[in-house]
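Novice: Provided herewith: upload-v1.txt, compact mmCIF, C-alpha atoms.
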```txt
# COMPACT_ATOMS: atom_id res chain seq x y z
CA MET A 152 -12.21 24.95 1.07
CA SER A 153 -9.51 24.58 -1.59
CA ALA A 154 -9.60 21.83 -4.20
CA SER A 155 -6.86 19.92 -2.38
CA ASP A 156 -8.77 20.21 0.93
CA ALA A 157 -11.87 18.83 -0.79
CA THR A 158 -9.81 16.00 -2.27
CA ALA A 159 -8.16 15.16 1.05
CA ALA A 160 -11.61 15.12 2.69
CA GLU A 161 -12.36 11.95 0.68
CA ALA A 162 -9.44 10.16 2.35
CA HIS A 163 -9.33 8.68 5.84
CA PRO A 164 -8.59 11.58 8.28
CA ARG A 165 -5.24 10.06 9.37
CA PHE A 166 -4.18 9.65 5.74
CA ALA A 167 -5.39 13.17 4.82
CA GLU A 168 -3.20 14.51 7.66
CA ALA A 169 -0.22 12.50 6.35
CA LEU A 170 -0.73 14.04 2.89
CA ARG A 171 -0.73 17.53 4.42
CA GLU A 172 2.39 16.81 6.48
CA LEU A 173 4.21 15.54 3.39
CA GLY A 174 3.01 18.50 1.31
CA LEU A 175 1.46 16.08 -1.19
CA ASP A 176 -1.39 17.30 -3.36
CA VAL A 177 -2.88 14.12 -4.81
CA GLU A 178 -6.31 13.41 -6.22
CA VAL A 179 -8.11 11.07 -3.84
CA ARG A 180 -10.90 9.30 -5.71
CA ARG A 181 -13.87 7.80 -3.93
CA PHE A 182 -15.91 4.98 -5.42
CA PRO A 183 -19.41 3.92 -4.33
CA GLU A 184 -18.43 0.29 -4.80
CA ALA A 185 -15.63 -1.08 -2.65
CA THR A 186 -12.07 -1.06 -3.94
CA ARG A 187 -11.01 -3.45 -1.17
CA THR A 188 -9.21 -5.87 -3.50
CA ALA A 189 -6.70 -5.03 -6.21
CA ALA A 190 -9.10 -6.41 -8.84
CA GLU A 191 -11.98 -4.25 -7.56
CA ALA A 192 -9.74 -1.17 -7.51
CA ALA A 193 -8.39 -1.76 -11.04
CA ALA A 194 -11.92 -2.26 -12.39
CA ALA A 195 -13.20 0.93 -10.70
CA ILE A 196 -10.24 3.05 -11.83
CA GLY A 197 -9.98 1.51 -15.29
CA CYS A 198 -6.27 0.65 -15.00
CA GLU A 199 -4.17 -2.50 -15.24
CA LEU A 200 -4.15 -4.78 -12.20
CA SER A 201 -0.35 -4.35 -11.97
CA GLU A 202 -0.84 -0.56 -11.48
CA ILE A 203 -2.54 -1.17 -8.12
CA VAL A 204 -0.33 -1.06 -5.02
CA LYS A 205 -1.19 -3.59 -2.34
CA SER A 206 -0.03 -2.48 1.14
CA LEU A 207 0.36 -5.76 3.01
CA ILE A 208 1.41 -6.26 6.61
CA PHE A 209 3.49 -9.30 7.51
CA GLU A 210 4.97 -10.43 10.80
CA ALA A 211 8.70 -11.13 10.70
CA ASP A 212 9.69 -12.86 13.96
CA GLY A 213 6.66 -11.14 15.51
CA VAL A 214 7.59 -7.64 14.21
CA PRO A 215 5.22 -5.95 11.70
CA VAL A 216 6.65 -5.23 8.24
CA LEU A 217 4.88 -3.48 5.36
CA VAL A 218 5.31 -4.97 1.88
CA LEU A 219 4.23 -2.91 -1.14
CA MET A 220 3.35 -5.19 -4.05
CA ASP A 221 1.71 -4.66 -7.42
CA GLY A 222 -1.86 -5.92 -7.69
CA SER A 223 -1.12 -8.65 -10.22
CA SER A 224 1.62 -10.33 -8.18
CA ARG A 225 1.87 -12.33 -4.98
CA VAL A 226 4.42 -11.86 -2.22
CA ASP A 227 6.99 -14.65 -1.88
CA VAL A 228 7.14 -15.00 1.91
CA GLU A 229 10.43 -16.89 1.68
CA ARG A 230 12.01 -13.96 -0.22
CA VAL A 231 10.71 -11.54 2.44
CA ARG A 232 12.18 -13.77 5.15
CA ALA A 233 15.57 -13.84 3.38
CA GLU A 234 15.49 -10.07 2.74
CA LEU A 235 14.87 -9.38 6.44
CA GLY A 236 17.10 -12.14 7.77
CA ALA A 237 14.10 -13.31 9.79
CA GLY A 238 13.42 -16.77 11.17
CA LYS A 239 9.69 -16.81 10.47
CA VAL A 240 7.46 -14.59 8.30
CA LYS A 241 3.67 -14.81 8.01
CA ARG A 242 0.75 -12.61 6.97
CA ALA A 243 -0.46 -10.45 9.84
CA GLY A 244 -3.99 -10.88 11.15
CA ALA A 245 -6.63 -8.15 10.88
CA GLU A 246 -6.12 -7.01 14.48
CA LEU A 247 -2.35 -6.52 14.07
CA VAL A 248 -2.89 -4.73 10.74
CA ARG A 249 -5.25 -2.23 12.38
CA GLU A 250 -3.04 -1.88 15.47
CA THR A 251 0.08 -1.25 13.35
CA THR A 252 -1.36 0.96 10.63
CA GLY A 253 -4.56 2.44 12.05
CA TYR A 254 -6.48 1.15 9.03
CA ALA A 255 -8.57 -1.90 8.20
CA ILE A 256 -7.43 -4.49 5.65
CA GLY A 257 -8.63 -3.35 2.23
CA GLY A 258 -7.94 0.33 2.94
CA VAL A 259 -4.32 0.35 4.14
CA PRO A 260 -2.36 3.12 2.39
CA PRO A 261 1.41 2.87 1.76
CA PHE A 262 2.19 5.59 4.35
CA GLY A 263 0.47 7.65 7.06
CA HIS A 264 0.39 4.76 9.55
CA ARG A 265 -0.02 4.85 13.34
CA THR A 266 3.40 3.29 13.86
CA SER A 267 6.67 3.30 11.97
CA THR A 268 7.47 -0.05 10.34
CA ARG A 269 10.10 -1.37 8.00
CA VAL A 270 8.88 -1.11 4.38
CA LEU A 271 9.82 -3.39 1.50
CA ALA A 272 8.67 -2.26 -1.96
CA ASP A 273 8.76 -4.77 -4.78
CA ARG A 274 10.82 -3.58 -7.75
CA GLY A 275 7.91 -4.36 -10.13
CA LEU A 276 6.14 -1.19 -8.97
CA LEU A 277 8.80 0.82 -10.82
CA ASP A 278 7.56 -0.62 -14.14
CA HIS A 279 4.78 1.99 -14.19
CA ASP A 280 4.59 5.77 -14.60
CA VAL A 281 1.70 5.98 -12.13
CA VAL A 282 0.39 3.54 -9.54
CA TRP A 283 -2.79 3.62 -7.46
CA ALA A 284 -2.97 2.89 -3.73
CA ALA A 285 -5.62 2.91 -1.01
CA ALA A 286 -6.23 6.25 0.71
CA GLY A 287 -7.16 4.77 4.07
CA THR A 288 -10.63 3.37 3.32
CA PRO A 289 -11.96 0.49 1.20
CA HIS A 290 -13.62 3.09 -1.10
CA THR A 291 -10.76 5.53 -1.75
CA VAL A 292 -7.61 5.45 -3.88
CA PHE A 293 -4.98 7.92 -5.04
CA PRO A 294 -2.45 8.00 -7.90
CA LEU A 295 1.26 8.74 -7.51
CA ASP A 296 4.45 7.94 -9.37
CA PRO A 297 6.01 4.82 -7.83
CA GLU A 298 9.34 6.47 -6.94
CA SER A 299 7.57 9.13 -4.86
CA LEU A 300 5.23 6.59 -3.29
CA ILE A 301 8.11 4.34 -2.24
CA GLY A 302 10.08 7.36 -1.01
CA HIS A 303 7.22 8.69 1.13
CA ALA A 304 6.68 5.20 2.54
CA GLY A 305 10.39 4.99 3.43
CA GLY A 306 10.60 1.78 1.42
CA SER A 307 13.60 -0.23 0.28
CA VAL A 308 13.28 -1.51 -3.30
CA VAL A 309 13.63 -5.31 -3.26
CA ASP A 310 12.61 -8.38 -5.26
CA VAL A 311 9.98 -10.18 -3.17
CA ARG A 312 7.36 -11.24 -5.72
CA GLU A 313 6.59 -14.87 -6.44
CA GLN A 314 8.30 -15.95 -9.63
CA SER A 315 6.24 -17.88 -12.14
CA LYS A 316 7.29 -21.49 -12.16
```
Here is a file; write its structure as structure tokens.
Specialist:
Amino acid sequence: MSASDATAAEAHPRFAEALRELGLDVEVRRFPEATRTAAEAAAAIGCELSEIVKSLIFEADGVPVLVLMDGSSRVDVERVRAELGAGKVKRAGAELVRETTGYAIGGVPPFGHRTSTRVLADRGLLDHDVVWAAAGTPHTVFPLDPESLIGHAGGSVVDVREQSK
């Protein structure tokens, strides 16, 4: 088993397959403690909260949409609605997240999903040289430069973070 095979073995099988298909050799890190939240992931990795990528599923007029947001920011649902030209946008429930992505909340990676969805990536992710995202489980993460991550996710760079008042 090569080093990259051993690394991919730490990831969720569906995500490991996506890495192979994309020809990506990334270091998947597994932590004994959960990295389900951005704060837990940042603490385990030893990075800034804003270097964590949250992969969040929303429903826009009933259609799933993936929003990639840095761990220190919140999604402005109204901005997502305007960006998509949708009538109504809300956070997706756990069942729809699993049905759409094939992963449970807390382990959703930015790509390698069961279905193809529209992807919005907040511009703030580009503020970093490297960002960390879930590798398909609540215990695994991987690093990648944000441009590559957004590209592999098929994301459009947009401004959808809540602005401080």
Novice: From the set A:Val204, A:Ala194, A:Ala167, A:Leu300, which residue has the shortest atom-to-atom contact distance to A:Trp283, counting all atoms listed in the file?
Specialist: A:Val204
Novice: So which one's closest to A:Glu202, A:Leu276, A:Ala237, A:Val177, A:Ile256? Using only C-alpha atoms, please.
Specialist: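 Between A:Leu276, A:Ala237, A:Val177, A:Ile256, the residue approaching A:Glu202 most closely is A:Leu276.
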Novice: At a cut-off of 8 Å around the point (-8.6, 7.5, -10.0) (file coordinates), what residues fall inside when counting only C-alpha atoms? I'd like the answer as number ranges by chain.
Specialist: A: 178-180, 196, 283, 292-294
Novice: Would you please work out which residue, of A:Glu229, A:Glu168, A:Glu191, A:Asp310, is nearest to A:Gly263 when using only C-alpha atoms?
Specialist: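 Among A:Glu229, A:Glu168, A:Glu191, A:Asp310, it is A:Glu168 that comes nearest to A:Gly263.
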Novice: Counting only C-alpha atoms, which residues have an atom no more than 12 Å from (11.7, -13.4, 6.4) in the file's coordinates? Please list them as a short mmCIF file (atom, residue, chain, number, x, y, z; two decimals) with C-alpha atoms, keeping the file's coordinate frame.
Specialist:
```cif
data_model
loop_
_atom_site.label_atom_id
_atom_site.label_comp_id
_atom_site.auth_asym_id
_atom_site.auth_seq_id
_atom_site.Cartn_x
_atom_site.Cartn_y
_atom_site.Cartn_z
CA PHE A 209 3.49 -9.30 7.51
CA GLU A 210 4.97 -10.43 10.80
CA ALA A 211 8.70 -11.13 10.70
CA ASP A 212 9.69 -12.86 13.96
CA GLY A 213 6.66 -11.14 15.51
CA VAL A 214 7.59 -7.64 14.21
CA PRO A 215 5.22 -5.95 11.70
CA VAL A 216 6.65 -5.23 8.24
CA VAL A 218 5.31 -4.97 1.88
CA VAL A 226 4.42 -11.86 -2.22
CA ASP A 227 6.99 -14.65 -1.88
CA VAL A 228 7.14 -15.00 1.91
CA GLU A 229 10.43 -16.89 1.68
CA ARG A 230 12.01 -13.96 -0.22
CA VAL A 231 10.71 -11.54 2.44
CA ARG A 232 12.18 -13.77 5.15
CA ALA A 233 15.57 -13.84 3.38
CA GLU A 234 15.49 -10.07 2.74
CA LEU A 235 14.87 -9.38 6.44
CA GLY A 236 17.10 -12.14 7.77
CA ALA A 237 14.10 -13.31 9.79
CA GLY A 238 13.42 -16.77 11.17
CA LYS A 239 9.69 -16.81 10.47
CA VAL A 240 7.46 -14.59 8.30
CA LYS A 241 3.67 -14.81 8.01
CA ARG A 242 0.75 -12.61 6.97
CA LEU A 271 9.82 -3.39 1.50
CA VAL A 311 9.98 -10.18 -3.17
#
```
Novice: In terms of the shortest atom-to-atom distance over all atoms listed in the file, which of A:His290, A:Asp278, A:Val270, A:Asp296 is closest to A:Val308?
Specialist: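 When distances to A:Val308 are compared using all atoms listed in the file, the smallest one comes from A:Val270.
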